Amino acid sequence: MTTVTEREVLRDALGLLRDREQVAERLLESSAKHSFDPDKELDWDAPVEDGKWFWPPELLSLYDTPLWRRMSEDQRMDLARHEAASLASLGIWFEIILMQLLVRHIYDKSLTSNHVRYALTEIADECRHSMMFARMIKKGGAPTYQVPRVYHNLARVLKTVSTTPGSFAATLLGEEILDWMQRLTFPDERIQPIVRGVTRIHVVEEARHVRYAREELRRQMVSAPRWERELTRLSCGEAARVFATCFVNPQVYENVGLDRREAVAQVKASCHRREVMQSGASRLTEFLDDIGVMNGVSRRLWKSSGLLA
């Protein structure tokens with residue numbers, strides 16, 4: 001395949017791709033205007049408010065299941081506290097992986113370019129986000145929830161061998177579904193103020209991260225050799241399956257006094273939960289389909305994950 005330089009005009013199914021340096025310049029300008037220090041921006045000393053949720057009930061995994069209807073209101077709110085901690089733990093795991101993938105991405109690129117400068121800016125954002133999520137978990141009094149050991153170790157392999165388009169496809173998977181949920185969370189007055197503050201900061205700053213990853217993935221899917229594009233389709237589909245599996249740690253159910261097997265079975269059978277997850281993923285799956293990532297085996301893996309109808 002002909003090598004494509006950064007100065008050449010590139011086009012995909014969505015149209016012309018913008019110059020990489022111009023995209024990064026605009027993202028840097030936005031970062032300068034709309035970046036936050038969570039330690040100073042949020043009131044971490046304010047007490048947790050009675051009667052407020054840590055996560056919107058409609059976004060909880062057991063919502064509208066037979067088990068949910070048997071739970072007391074206190075138990076439902078406790079489930080929200082633990083699921084928020086589980087999601088924050090998953091977010092930290094993803095962000096640590098993302099930071100390493102970004103470092104690998106810029107390792108051989110011009111250190112004075114806007115593209116590299118923005119990547120370093122995003123890494124700084126993700127450092128703050130990881131610390132912010134950890135502090136939110138601690139504030140809520142719930143434990144951290146680790147992903148299963150097999151996936152924790154598989155991520156070591158991903159961080160070492162992932163190709164550039166595969167890295168950005170995985171980045172979007174980790175960012176866009178959680179972002180969709182957080183956009184519903186931060187305006188919700190039923191939710192704890194500290195959770196609303198955390199999700200507001202994350203939504204504002206993640207919008208830039210999504211733009212950066214989408215632009216780069218589009219570029220890579222046009223310029224990468226065929227084998228790399230095929231590998232991206234496979235790895236992205238498998239990442240979707242892992243993500244859906246890890247989204248809520250089943251230990252959450254035991255920690256709020258529920259039968260783990262019954263809870264997991266009801267989540268799997270829940271039409272509401274399936275609709276929530278597919279709605280959260282729809283914007284991403286449409287984008288991936290448009291740029292040719294959802295072809296063949298990738299689509300089958302996405303469907304098996306439950307994130308695609």
# chains A, B, ... in the order shown; residues from 1 in each chain; ligands from 1
$ closest_atom_pairs --of "range 133-226 of chain A" --to "range 25-43 of chain A" --cutoff "10 Å" --atoms "only C-alpha atoms" --output "JSON lines"
{"residue": "A:Phe133", "atom": "CA", "partner": "A:Pro38", "partner_atom": "CA", "distance": 9.8}
{"residue": "A:Arg135", "atom": "CA", "partner": "A:Asp39", "partner_atom": "CA", "distance": 9.3}
{"residue": "A:Pro193", "atom": "CA", "partner": "A:Asp43", "partner_atom": "CA", "distance": 8.9}
{"residue": "A:Ile194", "atom": "CA", "partner": "A:Leu42", "partner_atom": "CA", "distance": 7.0}
{"residue": "A:Val195", "atom": "CA", "partner": "A:Leu42", "partner_atom": "CA", "distance": 9.8}
{"residue": "A:Arg196", "atom": "CA", "partner": "A:Leu42", "partner_atom": "CA", "distance": 9.9}
{"residue": "A:Gly197", "atom": "CA", "partner": "A:Leu42", "partner_atom": "CA", "distance": 6.5}
{"residue": "A:Val198", "atom": "CA", "partner": "A:Pro38", "partner_atom": "CA", "distance": 7.6}
{"residue": "A:Ile201", "atom": "CA", "partner": "A:Phe36", "partner_atom": "CA", "distance": 6.9}
{"residue": "A:His202", "atom": "CA", "partner": "A:Phe36", "partner_atom": "CA", "distance": 9.3}
{"residue": "A:Val204", "atom": "CA", "partner": "A:His34", "partner_atom": "CA", "distance": 7.4}
{"residue": "A:Glu205", "atom": "CA", "partner": "A:Ser35", "partner_atom": "CA", "distance": 6.7}
{"residue": "A:Ala207", "atom": "CA", "partner": "A:Leu27", "partner_atom": "CA", "distance": 9.7}
{"residue": "A:Arg208", "atom": "CA", "partner": "A:Leu27", "partner_atom": "CA", "distance": 6.3}
{"residue": "A:His209", "atom": "CA", "partner": "A:Leu27", "partner_atom": "CA", "distance": 8.7}
{"residue": "A:Arg211", "atom": "CA", "partner": "A:Leu27", "partner_atom": "CA", "distance": 8.4}
{"residue": "A:Tyr212", "atom": "CA", "partner": "A:Leu27", "partner_atom": "CA", "distance": 7.8}
$ closest_atom_pairs --of "range 6-63 of chain A" --to "range 179-187 of chain A" --cutoff "10 Å" --atoms "only C-alpha atoms" --output "tab-separated table"
residue	atom	partner	partner_atom	distance
A:Phe54	CA	A:Thr185	CA	9.2
A:Trp55	CA	A:Thr185	CA	6.9
A:Pro56	CA	A:Thr185	CA	6.4
A:Leu59	CA	A:Met181	CA	7.4
$ residues_around --residues "Gly257 in chain A" --least-positions-apart "5" --cutoff "12 Å" --atoms "only C-alpha atoms" --output "list in words"
Leu67, Met71, Ser72, Asp74, Gln75, Arg76, Asp78, Leu79, His82, Pro250, Gln251, Val252, Glu262 and Ala263 of chain A
$ select_by_dssp --residues "range 35-180 of chain A" --states "alpha helix (DSSP H)" --output "count of residues only"
100
$ closest_residue --among "A:Ala169, A:Ala134, A:Leu284, A:Leu258" --to "Arg219 in chain A" --atoms "only C-alpha atoms"
A:Ala169
$ residues_around --residues "Leu90 in chain A" --least-positions-apart "6" --cutoff "12 Å" --atoms "only C-alpha atoms" --output "ChimeraX atom specification"
/A:83-84,96-97,130,133-134,137,144-148,151-152,174-175,178,242-249
$ residues_around --residues "Gly306 in chain A" --least-positions-apart "5" --cutoff "8 Å" --atoms "only C-alpha atoms" --output "PyMOL selection string"
chain A and resi 241+244+274+277-278
$ write_last_selection --atoms "all heavy atoms" --output "PDB file, in the first residue's frame"
ATOM      1  N   ARG A 241     -16.289  -6.842  23.796  1.00  0.00           N
ATOM      2  CA  ARG A 241     -16.758  -7.974  24.616  1.00  0.00           C
ATOM      3  C   ARG A 241     -16.209  -7.890  26.031  1.00  0.00           C
ATOM      4  O   ARG A 241     -16.941  -8.083  27.018  1.00  0.00           O
ATOM      5  CB  ARG A 241     -16.341  -9.297  23.957  1.00  0.00           C
ATOM      6  CG  ARG A 241     -16.949 -10.538  24.581  1.00  0.00           C
ATOM      7  CD  ARG A 241     -16.305 -11.794  24.056  1.00  0.00           C
ATOM      8  NE  ARG A 241     -14.900 -11.888  24.431  1.00  0.00           N
ATOM      9  CZ  ARG A 241     -14.475 -12.276  25.632  1.00  0.00           C
ATOM     10  NH1 ARG A 241     -15.357 -12.603  26.576  1.00  0.00           N
ATOM     11  NH2 ARG A 241     -13.190 -12.345  25.901  1.00  0.00           N
ATOM     12  N   ALA A 244     -17.881  -4.943  28.003  1.00  0.00           N
ATOM     13  CA  ALA A 244     -19.231  -5.255  28.457  1.00  0.00           C
ATOM     14  C   ALA A 244     -19.198  -6.215  29.640  1.00  0.00           C
ATOM     15  O   ALA A 244     -20.000  -6.096  30.577  1.00  0.00           O
ATOM     16  CB  ALA A 244     -20.040  -5.842  27.310  1.00  0.00           C
ATOM     17  N   ARG A 274     -30.126  -3.909  28.420  1.00  0.00           N
ATOM     18  CA  ARG A 274     -29.621  -4.035  27.063  1.00  0.00           C
ATOM     19  C   ARG A 274     -29.844  -2.734  26.281  1.00  0.00           C
ATOM     20  O   ARG A 274     -28.962  -2.269  25.560  1.00  0.00           O
ATOM     21  CB  ARG A 274     -30.306  -5.214  26.364  1.00  0.00           C
ATOM     22  CG  ARG A 274     -29.756  -5.544  24.998  1.00  0.00           C
ATOM     23  CD  ARG A 274     -30.085  -6.967  24.591  1.00  0.00           C
ATOM     24  NE  ARG A 274     -31.481  -7.320  24.811  1.00  0.00           N
ATOM     25  CZ  ARG A 274     -31.911  -8.148  25.766  1.00  0.00           C
ATOM     26  NH1 ARG A 274     -31.062  -8.718  26.602  1.00  0.00           N
ATOM     27  NH2 ARG A 274     -33.205  -8.429  25.887  1.00  0.00           N
ATOM     28  N   MET A 277     -27.277  -0.031  27.508  1.00  0.00           N
ATOM     29  CA  MET A 277     -25.914  -0.237  27.005  1.00  0.00           C
ATOM     30  C   MET A 277     -25.835   0.031  25.505  1.00  0.00           C
ATOM     31  O   MET A 277     -24.862   0.629  25.025  1.00  0.00           O
ATOM     32  CB  MET A 277     -25.451  -1.655  27.323  1.00  0.00           C
ATOM     33  CG  MET A 277     -25.346  -1.953  28.820  1.00  0.00           C
ATOM     34  SD  MET A 277     -24.190  -0.849  29.693  1.00  0.00           S
ATOM     35  CE  MET A 277     -22.623  -1.438  29.052  1.00  0.00           C
ATOM     36  N   GLN A 278     -26.842  -0.384  24.753  1.00  0.00           N
ATOM     37  CA  GLN A 278     -26.821  -0.138  23.313  1.00  0.00           C
ATOM     38  C   GLN A 278     -27.022   1.336  22.991  1.00  0.00           C
ATOM     39  O   GLN A 278     -26.419   1.861  22.048  1.00  0.00           O
ATOM     40  CB  GLN A 278     -27.877  -0.997  22.629  1.00  0.00           C
ATOM     41  CG  GLN A 278     -27.527  -2.470  22.634  1.00  0.00           C
ATOM     42  CD  GLN A 278     -28.596  -3.363  22.034  1.00  0.00           C
ATOM     43  OE1 GLN A 278     -29.645  -2.885  21.574  1.00  0.00           O
ATOM     44  NE2 GLN A 278     -28.353  -4.666  22.040  1.00  0.00           N
TER      45      GLN A 278
END
$ closest_residue --among "A:Val116, A:Ala124, A:Leu154, A:Leu98" --to "Thr171 in chain A" --atoms "only C-alpha atoms"
A:Leu98
$ residues_around --residues "Ser61 in chain A" --least-positions-apart "3" --cutoff "9 Å" --atoms "only C-alpha atoms" --output "list in words"
Pro57, Glu58, Asp64, Thr65, Glu83, Val248, Val267, Ser270, His272 and Arg273 of chain A
$ write_last_selection --atoms "N, CA and C atoms" --output "PDB file, in the first residue's frame"
ATOM      1  N   PRO A  57     -30.690   6.030  39.073  1.00  0.00           N
ATOM      2  CA  PRO A  57     -31.234   4.671  39.205  1.00  0.00           C
ATOM      3  C   PRO A  57     -31.510   3.993  37.872  1.00  0.00           C
ATOM      4  N   GLU A  58     -31.948   4.764  36.869  1.00  0.00           N
ATOM      5  CA  GLU A  58     -32.260   4.182  35.560  1.00  0.00           C
ATOM      6  C   GLU A  58     -31.032   3.614  34.865  1.00  0.00           C
ATOM      7  N   ASP A  64     -35.407  -2.053  37.095  1.00  0.00           N
ATOM      8  CA  ASP A  64     -36.597  -2.611  36.450  1.00  0.00           C
ATOM      9  C   ASP A  64     -36.541  -4.126  36.259  1.00  0.00           C
ATOM     10  N   THR A  65     -35.729  -4.797  37.069  1.00  0.00           N
ATOM     11  CA  THR A  65     -35.729  -6.266  37.084  1.00  0.00           C
ATOM     12  C   THR A  65     -36.608  -6.739  38.240  1.00  0.00           C
ATOM     13  N   GLU A  83     -22.132   0.628  42.535  1.00  0.00           N
ATOM     14  CA  GLU A  83     -21.945   0.622  41.081  1.00  0.00           C
ATOM     15  C   GLU A  83     -21.166   1.855  40.620  1.00  0.00           C
ATOM     16  N   VAL A 248     -19.761  -3.820  35.155  1.00  0.00           N
ATOM     17  CA  VAL A 248     -20.111  -3.810  36.581  1.00  0.00           C
ATOM     18  C   VAL A 248     -19.548  -5.077  37.206  1.00  0.00           C
ATOM     19  N   VAL A 267     -29.581  -9.384  35.257  1.00  0.00           N
ATOM     20  CA  VAL A 267     -28.968  -8.333  34.435  1.00  0.00           C
ATOM     21  C   VAL A 267     -28.865  -8.807  32.983  1.00  0.00           C
ATOM     22  N   SER A 270     -32.208  -8.683  31.254  1.00  0.00           N
ATOM     23  CA  SER A 270     -32.924  -7.412  31.330  1.00  0.00           C
ATOM     24  C   SER A 270     -32.957  -6.682  29.990  1.00  0.00           C
ATOM     25  N   HIS A 272     -34.250  -3.705  29.642  1.00  0.00           N
ATOM     26  CA  HIS A 272     -33.903  -2.313  29.950  1.00  0.00           C
ATOM     27  C   HIS A 272     -32.389  -2.130  29.953  1.00  0.00           C
ATOM     28  N   ARG A 273     -31.678  -3.064  30.574  1.00  0.00           N
ATOM     29  CA  ARG A 273     -30.216  -2.937  30.640  1.00  0.00           C
ATOM     30  C   ARG A 273     -29.607  -3.013  29.250  1.00  0.00           C
TER      31      ARG A 273
END
$ residues_around --residues "Lys159 in chain A" --least-positions-apart "3" --cutoff "12 Å" --atoms "only C-alpha atoms" --output "MDAnalysis selection string"
chainID A and resid 94:105 152:156 162:164 166:168 170:171
$ atom_distance --atom1 "CA of Gln192 in chain A" --atom2 "CA of Met77 in chain A"
11.1 Å
$ atom_distance --atom1 "CA of Arg190 in chain A" --atom2 "CA of Trp53 in chain A"
6.1 Å
$ atom_distance --atom1 "CA of Asp289 in chain A" --atom2 "CA of Lys268 in chain A"
25.3 Å
$ closest_residue --among "A:Val203, A:Cys127, A:Leu234, A:Ile291" --to "Leu17 in chain A" --atoms "only C-alpha atoms"
A:Ile291
